[in-house]
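The structure appears below as structure tokens.
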Amino acid sequence: MSSNTLTAAEASGPQKPAAGFEGDRQDNTVGGAVRGYLNKLRGGDLGALPAILGIVVLGILFTILRPGTFLTPLNLANLLVQSTPIMVLAMGLVFVLLLGEIDLSAGVVSGVCSAVLAQLLVQVGVSWPIALLAAIATGAVIGAFTGSLVGMVGIPSFVVTLALFLGFQGVTLRIIGQGGTVPVREPVVRALANENVPVTLGWILAAVVAVSYAAFELWRWRSLKSRALAHPPLVLVVVRVVLIAAVVFGVTAILSVDRALAAAIDLAGIPYAVPLVVLLLLLLTFVLSRTTFGRHMYAVGGNAEAARRAGINVTRIRVMAFVISSSLAAISGILATSRLSSVTPDAGAGNTLLYAVGAAVIGGTSLFGGRGKARDAVLGGLVIAIIANGLGLLGVAAYLNFVITGGVLLLAASVDALARRRSASTKR
Amino acid sequence: MSAPEQSTTTSTLERPTLSLRGVNKSFGAVQVLHDVHLDVYPGKVTALVGDNGAGKSTLIKAIAGIHPVDSGTVEFEGKAVQVTGPRDAARLGIEVVYQDLALADNLDVVQNMFLGRERKRGIVLDEASMEEAARDTLAKLSVRTLKSVRQLVSSLSGGQRQTVAIAKAVLWESKLVILDEPTAALGVAQTRQVLDLVRRLADTGHAVVFITHNMVDVFEVADRVAALYLGRVAADVPISEVDRTQVIELITSGRSGELGLAPDALED
């Protein structure tokens with residue numbers, strides 16, 4: 001194996017006190033992989049661990065506190081649908097946070113796009129594909145504007161987006177009209193969050209996702225091994241494939257149960273919003289981890305000067321991050337509109353942004369830039385949705401809801417900051 | 001001088017990889033480089049020495065295209081070239097290893113080595129071929145200090161980072177490698193590793209410019225020495241023609257006996 005050209009000589013030489021590398025050296029044994037993971041945790045990179053722990057602990061907590069209502073198919077389906085706008089908004093924020101920037105206007109941008117969508121459907125009367133595209137295009141244009149102010153003019157992103165946070169609330173108010181609520185009854189838009197994939201089709205989709213994931217992971221493992229490149233142990237790949245399959249089939253099973261409260265109605269299947277989020281997750285994961293653009297996003301977030309010297313167009317990357325963030329905010333607005341079947345003048349204001357930033361950070365995206373994945377938004381979005389849903393079931397007063405959610409964001413940010421300090425201090 | 005023959009053989013038989021003639025550079029009203037002449041030869045390590053503020057960093061940034069020159073000619077392998085950006089320099093085969101290393105901590109060794117010049121198949125990154133090329137390059141330089149090419153740069157020591165940065169330069173089939181104080185922050189053992197690497201770099205045919213403050217390093221690894229004094233080249237000679245005291249005099253006063261700048265050049 002050609003990896004031995006690097007490692008064999010070192011192993012025979014005198015051992016230096018570089019215990020941190022042990023895991024990497026035996027990267028194709030299970031023990032080595034586990035040690036490598038523990039080293040990573042100790043070094044401050046917690047990955048998805050806090051989010052997964054959060055989902056499990058909060059799930060158990062609310063199941064105990066509200067045994068009859070929390071863990072029911074009906075509530076879980078609601079919870080998932082509630083979480084989709086947060087997840088999509090957070091996915092966009094991951095791109096901005098990766099660069100160490102912030103987009104405080106993402107929530108209200110989703111509001112503006114919802115308002116554009118609603119008025120196009122209701123006032124102008126265009127067909128749904130045009131309205132949806134127009135809403136997403138609005139987001140992209142807003143993102144290009146924000147990104148230019150940050151990347152080209154050089155205003156700190158929190159100032160730009162704080163100004164836009166106020167400004168766009170005014171825009172939404174102007175589009176919707178004072179005190180008005182625009183109901184959206186367009187069937188396709190409504191269906192996103194309110195209709196379900198037929199049960200059989202749902203199972204087929206689940207099987208396709210699980211099987212393709214397994215096939216892809218095993219194919220990649222084999223090709224890495226055959227070319228003697230760094231690869232994880234097979235057991236770990238299998239465990240990951242089995243876990244993902246279990247989650248996919250488990251969720252499908254729960255959502256395929258008839259969850260209608262009245263016996264006369266049949267309510268079963270995966271809400272359309274869920275496969276949409278899965279699709280976005282796959283697409284954005286691909287962009288971030290397998291394309292040059294994604295690689296350059298990480299490089300700019302990790303060391304913008306190094307990226308510039310490597311010939312990367314840093315300004316373009318900055319602008320693109322905001323374009324992606326605002327476009328995804330538009331999709332998030334579409335999902336929120338679908339769920340509520342209406343748009344209000346305060347759409348996207350209030351705690352929308354707080355939820356999304358919280359989701360990204362809880363999921364493992366760093367506020368300091370350079371670290372984050374699309375999956376963080378999904379895992380963190382689930383944690384946030386569980387908190388919101390569970391507190392709602394408990395009937396907690398509105399003020400407490402704000403305090404608790406704010407507290408969770410602070411906690412996640414503290415974990416992030418401490419992890420960063422930790423990784424800085426373990427650097428040799 | 002003691003070895004005039006040697007100096008003529010190096011300068012007549014070998015064509016310089018890089019040749020600067022009358023290069024000037026100003027930042028606003030401040031002229032940082034005055035009429036700089038410098039020749040850098042393939043297979044040779046040229047030590048670029050000078051006090052703080054003498055213009056060493058400006059000179060390498062000018063060569064690298066980060067701060068393009070105001071006037072004067074730059075010849076690369078005998079042809080006059082215009083270097084107006086980092087990409088121009090990279091295309092010619094000029095690689096700079098910066099003092100602050102310019103590595104992204106959150107990327108691994110392979111990702112850093114290919115940063116900005118990733119290999120692709122279609123639109124997908126070709127990780128396998130990049131990892132293989134990185135391994136080959138590290139093996140070619142006999143690097144034994146890295147345990148995995150897939151470890152994050154944030155987990156590397158100073159010497160290992162320096163190794164990665166230098167290997168990155170080699171990976172690109174570069175003809176001229178400029179090293180900005182590669183041993184400044186390193187311990188004894190790591191300095192040794194880096195100096196060995198610098199030597200191997202020259203032995204594999206690269207032209208190497210080595211910026212340093214450390215006289216021990218200069219006499220250990222350099223073939224030629226170029227001394228900058230207040231933005232001017234005080235001397236650009238084979239190492240065999242000077243001793244340590246002379247180099248220090250060139251750095252501190254721009255002159256040493258016969259060598260160095262004429263007194264009137266220092267008036268303005």
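Chain labels run A, B, ... following the order of the structure tokens; each chain numbers its residues from 1, and ligands are numbered from 1 in the order shown.
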Check which residues of region 80-135 of chain B sit at most 6 Å from region 44-65 of chain B using only C-alpha atoms, and return one row each with the closest pair of atoms and their distance in Å to one decimal, ordered by chain and rising number, as a tab-separated table.
residue	atom	partner	partner_atom	distance
B:Val83	CA	B:Gly65	CA	5.2
B:Thr84	CA	B:Gly65	CA	5.0
B:Gly85	CA	B:Gly65	CA	4.2
B:Pro86	CA	B:Gly65	CA	4.9
B:Ala89	CA	B:Ala64	CA	5.4
Output the contact residues of chain B with respect to chain A at a cut-off of 8 Å, based on only C-alpha atoms, as a PDB file with N, CA and C atoms, in the first residue's frame.
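The resulting file, iface26.pdb, is reproduced below:
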ATOM      1  N   PRO B  86      -1.351  36.760  -8.976  1.00  0.00           N
ATOM      2  CA  PRO B  86      -0.858  35.458  -8.522  1.00  0.00           C
ATOM      3  C   PRO B  86      -1.013  34.366  -9.580  1.00  0.00           C
ATOM      4  N   ARG B  87      -2.066  34.461 -10.385  1.00  0.00           N
ATOM      5  CA  ARG B  87      -2.286  33.422 -11.397  1.00  0.00           C
ATOM      6  C   ARG B  87      -1.219  33.459 -12.482  1.00  0.00           C
ATOM      7  N   LEU B 101       2.322  31.023   5.882  1.00  0.00           N
ATOM      8  CA  LEU B 101       2.004  29.727   5.307  1.00  0.00           C
ATOM      9  C   LEU B 101       0.828  29.656   4.354  1.00  0.00           C
ATOM     10  N   ALA B 102      -0.162  30.534   4.536  1.00  0.00           N
ATOM     11  CA  ALA B 102      -1.277  30.536   3.606  1.00  0.00           C
ATOM     12  C   ALA B 102      -1.873  29.143   3.405  1.00  0.00           C
ATOM     13  N   LEU B 103      -2.092  28.454   4.504  1.00  0.00           N
ATOM     14  CA  LEU B 103      -2.818  27.186   4.449  1.00  0.00           C
ATOM     15  C   LEU B 103      -4.165  27.386   5.139  1.00  0.00           C
ATOM     16  N   ALA B 104      -5.174  26.670   4.673  1.00  0.00           N
ATOM     17  CA  ALA B 104      -6.474  26.726   5.332  1.00  0.00           C
ATOM     18  C   ALA B 104      -6.525  25.619   6.382  1.00  0.00           C
ATOM     19  N   ASP B 105      -6.622  26.025   7.657  1.00  0.00           N
ATOM     20  CA  ASP B 105      -6.600  25.083   8.780  1.00  0.00           C
ATOM     21  C   ASP B 105      -7.689  24.023   8.706  1.00  0.00           C
ATOM     22  N   ASN B 106      -8.832  24.417   8.138  1.00  0.00           N
ATOM     23  CA  ASN B 106      -9.988  23.523   8.181  1.00  0.00           C
ATOM     24  C   ASN B 106     -10.000  22.530   7.021  1.00  0.00           C
ATOM     25  N   LEU B 107      -8.965  22.577   6.167  1.00  0.00           N
ATOM     26  CA  LEU B 107      -8.879  21.603   5.079  1.00  0.00           C
ATOM     27  C   LEU B 107      -7.738  20.633   5.373  1.00  0.00           C
ATOM     28  N   LEU B 115      -5.324  23.468  -3.470  1.00  0.00           N
ATOM     29  CA  LEU B 115      -6.249  24.596  -3.337  1.00  0.00           C
ATOM     30  C   LEU B 115      -6.131  25.554  -4.523  1.00  0.00           C
ATOM     31  N   GLY B 116      -7.275  25.848  -5.123  1.00  0.00           N
ATOM     32  CA  GLY B 116      -7.308  26.772  -6.254  1.00  0.00           C
ATOM     33  C   GLY B 116      -7.007  26.099  -7.581  1.00  0.00           C
ATOM     34  N   ARG B 117      -6.519  24.846  -7.558  1.00  0.00           N
ATOM     35  CA  ARG B 117      -6.193  24.151  -8.804  1.00  0.00           C
ATOM     36  C   ARG B 117      -6.658  22.703  -8.733  1.00  0.00           C
ATOM     37  N   GLU B 118      -7.857  22.525  -8.187  1.00  0.00           N
ATOM     38  CA  GLU B 118      -8.382  21.184  -7.962  1.00  0.00           C
ATOM     39  C   GLU B 118      -8.528  20.414  -9.274  1.00  0.00           C
ATOM     40  N   LYS B 120     -10.602  17.777 -11.515  1.00  0.00           N
ATOM     41  CA  LYS B 120     -12.017  17.440 -11.577  1.00  0.00           C
ATOM     42  C   LYS B 120     -12.259  16.371 -12.629  1.00  0.00           C
ATOM     43  N   ILE B 123     -17.927  17.786 -13.254  1.00  0.00           N
ATOM     44  CA  ILE B 123     -17.980  18.846 -12.250  1.00  0.00           C
ATOM     45  C   ILE B 123     -17.590  18.317 -10.877  1.00  0.00           C
ATOM     46  N   VAL B 124     -17.284  17.026 -10.798  1.00  0.00           N
ATOM     47  CA  VAL B 124     -16.997  16.426  -9.500  1.00  0.00           C
ATOM     48  C   VAL B 124     -15.496  16.449  -9.236  1.00  0.00           C
ATOM     49  N   LEU B 125     -15.106  16.781  -8.011  1.00  0.00           N
ATOM     50  CA  LEU B 125     -13.702  16.778  -7.629  1.00  0.00           C
ATOM     51  C   LEU B 125     -13.142  15.365  -7.736  1.00  0.00           C
ATOM     52  N   ALA B 128      -9.511  11.049  -5.612  1.00  0.00           N
ATOM     53  CA  ALA B 128      -8.578   9.925  -5.648  1.00  0.00           C
ATOM     54  C   ALA B 128      -7.287  10.327  -6.346  1.00  0.00           C
ATOM     55  N   GLU B 131      -5.274  12.739  -4.231  1.00  0.00           N
ATOM     56  CA  GLU B 131      -4.584  12.120  -3.090  1.00  0.00           C
ATOM     57  C   GLU B 131      -3.355  11.358  -3.567  1.00  0.00           C
ATOM     58  N   GLU B 132      -3.480  10.656  -4.704  1.00  0.00           N
ATOM     59  CA  GLU B 132      -2.335   9.910  -5.229  1.00  0.00           C
ATOM     60  C   GLU B 132      -1.182  10.845  -5.574  1.00  0.00           C
ATOM     61  N   ARG B 135       0.490  12.101  -2.433  1.00  0.00           N
ATOM     62  CA  ARG B 135       1.347  11.061  -1.849  1.00  0.00           C
ATOM     63  C   ARG B 135       2.653  10.927  -2.629  1.00  0.00           C
ATOM     64  N   LEU B 138       4.997  13.866  -1.862  1.00  0.00           N
ATOM     65  CA  LEU B 138       5.588  13.774  -0.525  1.00  0.00           C
ATOM     66  C   LEU B 138       6.646  12.676  -0.493  1.00  0.00           C
ATOM     67  N   ALA B 139       6.381  11.587  -1.217  1.00  0.00           N
ATOM     68  CA  ALA B 139       7.360  10.500  -1.253  1.00  0.00           C
ATOM     69  C   ALA B 139       8.619  10.951  -1.979  1.00  0.00           C
ATOM     70  N   VAL B 143       9.461  12.881   2.475  1.00  0.00           N
ATOM     71  CA  VAL B 143       8.834  13.414   3.688  1.00  0.00           C
ATOM     72  C   VAL B 143       8.407  12.260   4.577  1.00  0.00           C
ATOM     73  N   ARG B 144       8.904  12.247   5.795  1.00  0.00           N
ATOM     74  CA  ARG B 144       8.540  11.167   6.708  1.00  0.00           C
ATOM     75  C   ARG B 144       7.799  11.693   7.924  1.00  0.00           C
ATOM     76  N   THR B 145       7.570  12.986   7.952  1.00  0.00           N
ATOM     77  CA  THR B 145       7.025  13.562   9.179  1.00  0.00           C
ATOM     78  C   THR B 145       5.507  13.619   9.190  1.00  0.00           C
ATOM     79  N   LEU B 146       4.861  13.300   8.053  1.00  0.00           N
ATOM     80  CA  LEU B 146       3.407  13.337   8.041  1.00  0.00           C
ATOM     81  C   LEU B 146       2.868  11.932   8.238  1.00  0.00           C
ATOM     82  N   LYS B 147       1.804  11.808   9.030  1.00  0.00           N
ATOM     83  CA  LYS B 147       1.275  10.473   9.276  1.00  0.00           C
ATOM     84  C   LYS B 147       0.149  10.140   8.319  1.00  0.00           C
ATOM     85  N   SER B 148      -0.600  11.149   7.903  1.00  0.00           N
ATOM     86  CA  SER B 148      -1.682  10.880   6.968  1.00  0.00           C
ATOM     87  C   SER B 148      -1.886  12.104   6.098  1.00  0.00           C
ATOM     88  N   ARG B 150      -4.574  12.789   4.876  1.00  0.00           N
ATOM     89  CA  ARG B 150      -5.965  13.200   5.072  1.00  0.00           C
ATOM     90  C   ARG B 150      -6.182  13.825   6.441  1.00  0.00           C
ATOM     91  N   GLN B 151      -5.105  14.227   7.125  1.00  0.00           N
ATOM     92  CA  GLN B 151      -5.349  14.892   8.391  1.00  0.00           C
ATOM     93  C   GLN B 151      -5.466  16.395   8.158  1.00  0.00           C
ATOM     94  N   SER B 154      -4.967  21.891  10.685  1.00  0.00           N
ATOM     95  CA  SER B 154      -5.011  22.450  12.040  1.00  0.00           C
ATOM     96  C   SER B 154      -4.327  21.533  13.048  1.00  0.00           C
ATOM     97  N   SER B 155      -4.190  20.249  12.710  1.00  0.00           N
ATOM     98  CA  SER B 155      -3.579  19.320  13.672  1.00  0.00           C
ATOM     99  C   SER B 155      -2.073  19.177  13.453  1.00  0.00           C
ATOM    100  N   LEU B 156      -1.495  19.936  12.530  1.00  0.00           N
ATOM    101  CA  LEU B 156      -0.068  19.780  12.228  1.00  0.00           C
ATOM    102  C   LEU B 156       0.792  20.743  13.045  1.00  0.00           C
ATOM    103  N   SER B 157       2.051  20.350  13.250  1.00  0.00           N
ATOM    104  CA  SER B 157       3.015  21.221  13.914  1.00  0.00           C
ATOM    105  C   SER B 157       3.568  22.229  12.909  1.00  0.00           C
ATOM    106  N   GLY B 158       4.324  23.200  13.409  1.00  0.00           N
ATOM    107  CA  GLY B 158       4.878  24.229  12.536  1.00  0.00           C
ATOM    108  C   GLY B 158       5.735  23.656  11.418  1.00  0.00           C
TER     109      GLY B 158
END
From the DSSP assignment of the backbone, select every residue of region 29-135 of chain A that is helix (DSSP H, G or I), and format the answer as an MDAnalysis selection string. chainID A and resid 30:42 49:65 73:98 106:124 128:135
Within 12 Å of Leu133 (chain A) using only C-alpha atoms, minus same-chain residues under 2 positions, as a ChimeraX atom specification: /A:113-114,116-117,120-121,126-131,135-140,327,330-331,334
Could the residues in this selection be saved with all heavy atoms as a compact mmCIF listing (two decimals), in the first residue's frame?
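Output file again.txt follows:
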# COMPACT_ATOMS: atom_id res chain seq x y z
N CYS A 113 -40.29 37.10 -0.03
CA CYS A 113 -40.54 36.15 -1.12
C CYS A 113 -41.92 35.51 -0.99
O CYS A 113 -42.61 35.30 -1.99
CB CYS A 113 -39.45 35.09 -1.15
SG CYS A 113 -37.82 35.79 -1.44
N SER A 114 -42.34 35.21 0.25
CA SER A 114 -43.69 34.70 0.46
C SER A 114 -44.72 35.72 -0.02
O SER A 114 -45.70 35.36 -0.67
CB SER A 114 -43.96 34.47 1.96
OG SER A 114 -43.00 33.65 2.50
N VAL A 116 -44.31 38.06 -2.27
CA VAL A 116 -44.29 38.10 -3.74
C VAL A 116 -45.10 36.92 -4.29
O VAL A 116 -45.95 37.08 -5.18
CB VAL A 116 -42.83 38.04 -4.26
CG1 VAL A 116 -42.80 37.79 -5.76
CG2 VAL A 116 -42.11 39.33 -3.92
N LEU A 117 -44.86 35.74 -3.71
CA LEU A 117 -45.57 34.53 -4.14
C LEU A 117 -47.09 34.72 -4.00
O LEU A 117 -47.85 34.48 -4.95
CB LEU A 117 -45.10 33.35 -3.29
CG LEU A 117 -45.84 32.03 -3.46
CD1 LEU A 117 -45.40 31.35 -4.73
CD2 LEU A 117 -45.59 31.11 -2.26
N LEU A 120 -48.58 37.38 -6.37
CA LEU A 120 -48.59 36.92 -7.76
C LEU A 120 -49.73 35.93 -7.98
O LEU A 120 -50.41 35.96 -9.01
CB LEU A 120 -47.25 36.27 -8.12
CG LEU A 120 -46.11 37.21 -8.46
CD1 LEU A 120 -44.85 36.43 -8.79
CD2 LEU A 120 -46.47 38.12 -9.64
N LEU A 121 -49.93 35.03 -7.01
CA LEU A 121 -50.98 34.02 -7.16
C LEU A 121 -52.36 34.65 -7.02
O LEU A 121 -53.26 34.36 -7.81
CB LEU A 121 -50.82 32.92 -6.10
CG LEU A 121 -49.65 31.95 -6.29
CD1 LEU A 121 -49.49 31.07 -5.06
CD2 LEU A 121 -49.88 31.09 -7.52
N VAL A 126 -51.10 34.58 -11.73
CA VAL A 126 -50.24 33.75 -12.58
C VAL A 126 -50.32 32.30 -12.13
O VAL A 126 -50.85 32.00 -11.06
CB VAL A 126 -48.77 34.23 -12.54
CG1 VAL A 126 -48.66 35.67 -12.97
CG2 VAL A 126 -48.17 34.01 -11.16
N SER A 127 -49.80 31.40 -12.96
CA SER A 127 -49.84 29.98 -12.60
C SER A 127 -48.77 29.68 -11.55
O SER A 127 -47.81 30.45 -11.39
CB SER A 127 -49.62 29.13 -13.85
OG SER A 127 -48.33 29.39 -14.34
N TRP A 128 -48.92 28.55 -10.86
CA TRP A 128 -48.03 28.27 -9.73
C TRP A 128 -46.55 28.14 -10.09
O TRP A 128 -45.70 28.62 -9.34
CB TRP A 128 -48.52 27.08 -8.91
CG TRP A 128 -48.52 25.75 -9.64
CD1 TRP A 128 -49.57 25.21 -10.32
CD2 TRP A 128 -47.44 24.84 -9.75
NE1 TRP A 128 -49.21 24.01 -10.86
CE2 TRP A 128 -47.91 23.75 -10.53
CE3 TRP A 128 -46.13 24.82 -9.29
CZ2 TRP A 128 -47.10 22.66 -10.85
CZ3 TRP A 128 -45.33 23.73 -9.61
CH2 TRP A 128 -45.80 22.67 -10.38
N PRO A 129 -46.19 27.53 -11.26
CA PRO A 129 -44.74 27.42 -11.50
C PRO A 129 -44.09 28.80 -11.64
O PRO A 129 -42.99 29.03 -11.13
CB PRO A 129 -44.66 26.66 -12.83
CG PRO A 129 -46.00 26.07 -13.04
CD PRO A 129 -46.97 26.94 -12.35
N ILE A 130 -44.81 29.73 -12.31
CA ILE A 130 -44.25 31.07 -12.49
C ILE A 130 -44.12 31.77 -11.14
O ILE A 130 -43.11 32.40 -10.83
CB ILE A 130 -45.12 31.87 -13.47
CG1 ILE A 130 -45.06 31.20 -14.85
CG2 ILE A 130 -44.67 33.33 -13.54
CD1 ILE A 130 -45.96 31.81 -15.87
N ALA A 131 -45.16 31.62 -10.31
CA ALA A 131 -45.13 32.28 -9.01
C ALA A 131 -43.98 31.75 -8.15
O ALA A 131 -43.25 32.52 -7.51
CB ALA A 131 -46.46 32.08 -8.29
N ALA A 135 -40.71 33.85 -6.91
CA ALA A 135 -40.36 33.99 -5.49
C ALA A 135 -38.89 33.65 -5.28
O ALA A 135 -38.15 34.38 -4.60
CB ALA A 135 -41.24 33.09 -4.63
N ILE A 136 -38.43 32.54 -5.90
CA ILE A 136 -37.03 32.14 -5.72
C ILE A 136 -36.10 33.16 -6.38
O ILE A 136 -35.05 33.53 -5.83
CB ILE A 136 -36.80 30.72 -6.30
CG1 ILE A 136 -37.64 29.72 -5.49
CG2 ILE A 136 -35.33 30.33 -6.23
CD1 ILE A 136 -37.66 28.32 -6.06
N ALA A 137 -36.52 33.66 -7.57
CA ALA A 137 -35.70 34.67 -8.25
C ALA A 137 -35.59 35.94 -7.39
O ALA A 137 -34.52 36.56 -7.32
CB ALA A 137 -36.30 35.00 -9.61
N THR A 138 -36.70 36.32 -6.74
CA THR A 138 -36.65 37.47 -5.84
C THR A 138 -35.58 37.25 -4.78
O THR A 138 -34.77 38.14 -4.48
CB THR A 138 -38.02 37.67 -5.15
OG1 THR A 138 -39.03 37.72 -6.16
CG2 THR A 138 -38.04 38.94 -4.33
N GLY A 139 -35.59 36.04 -4.22
CA GLY A 139 -34.57 35.73 -3.21
C GLY A 139 -33.17 35.85 -3.76
O GLY A 139 -32.30 36.46 -3.15
N ALA A 140 -32.96 35.33 -4.97
CA ALA A 140 -31.61 35.36 -5.57
C ALA A 140 -31.16 36.79 -5.80
O ALA A 140 -30.00 37.14 -5.53
CB ALA A 140 -31.61 34.57 -6.88
N SER A 327 -31.79 32.58 -1.72
CA SER A 327 -32.63 31.73 -2.55
C SER A 327 -33.27 30.63 -1.70
O SER A 327 -34.46 30.32 -1.86
CB SER A 327 -31.82 31.09 -3.67
OG SER A 327 -31.15 32.06 -4.40
N ALA A 330 -36.04 31.95 0.24
CA ALA A 330 -37.28 32.02 -0.55
C ALA A 330 -38.00 30.68 -0.51
O ALA A 330 -39.22 30.62 -0.32
CB ALA A 330 -36.95 32.40 -2.00
N ILE A 331 -37.25 29.58 -0.66
CA ILE A 331 -37.89 28.25 -0.61
C ILE A 331 -38.48 28.01 0.77
O ILE A 331 -39.58 27.47 0.92
CB ILE A 331 -36.87 27.15 -0.98
CG1 ILE A 331 -36.38 27.37 -2.42
CG2 ILE A 331 -37.47 25.77 -0.81
CD1 ILE A 331 -35.31 26.40 -2.87
N ILE A 334 -41.67 29.74 0.90
CA ILE A 334 -42.71 29.00 0.17
C ILE A 334 -43.28 27.90 1.06
O ILE A 334 -44.50 27.72 1.15
CB ILE A 334 -42.12 28.40 -1.13
CG1 ILE A 334 -41.74 29.51 -2.10
CG2 ILE A 334 -43.09 27.43 -1.77
CD1 ILE A 334 -40.88 29.06 -3.28
Between CA of Lys225 (chain A) and CA of Val110 (chain B), what is the distance in Å, rounded to a tenth? 17.2 Å
Please provide as a ChimeraX atom specification all residues within 8 Å of region 74-88 of chain A, with the sequence filter that same-chain residues fewer than 4 positions apart are discarded (counting only C-alpha atoms). /A:69-70,92,193,255,259-260,270-271,273-274,277,280,328-329,331-333,335-336,339,352,355-356,359,377-378,380-382,384-386,389
Neighbouring residues of Val208 (chain B) were defined as those with any atom within 8 Å, considering only C-alpha atoms; residues of the same chain fewer than 6 positions away were excluded. Please report them as an MDAnalysis selection string. chainID B and resid 40:46 176:179 198 201:202
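Excluding Arg244 (chain B) and any residue on its chain fewer than 5 positions from it, the residues at most 9 Å away by only C-alpha atoms are Met215, Val216, Phe219 and Glu249 of chain B.
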Computed gap from CA of Asp266 (chain A) to CA of Pro198 (chain A) is 11.1 Å
Please give the complete set of residues from region 88-158 of chain B that DSSP, run on the backbone, assigns to strand (DSSP E), formatted as a VMD selection string. chain B and resid 94 to 97 120 to 121 124 to 125
Residues within 8 Å of region 68-81 of chain B, only C-alpha atoms, excluding chain neighbours under 4 positions, as a list in words: Arg15, Pro16, Thr17, Leu18, Ser19, Leu20, Arg21, Gly22, Val23, Asn24, Lys25, Ser26, Asp35, Lys61, Ala62, Ile63, Ala64, Gly85 and Leu92 of chain B
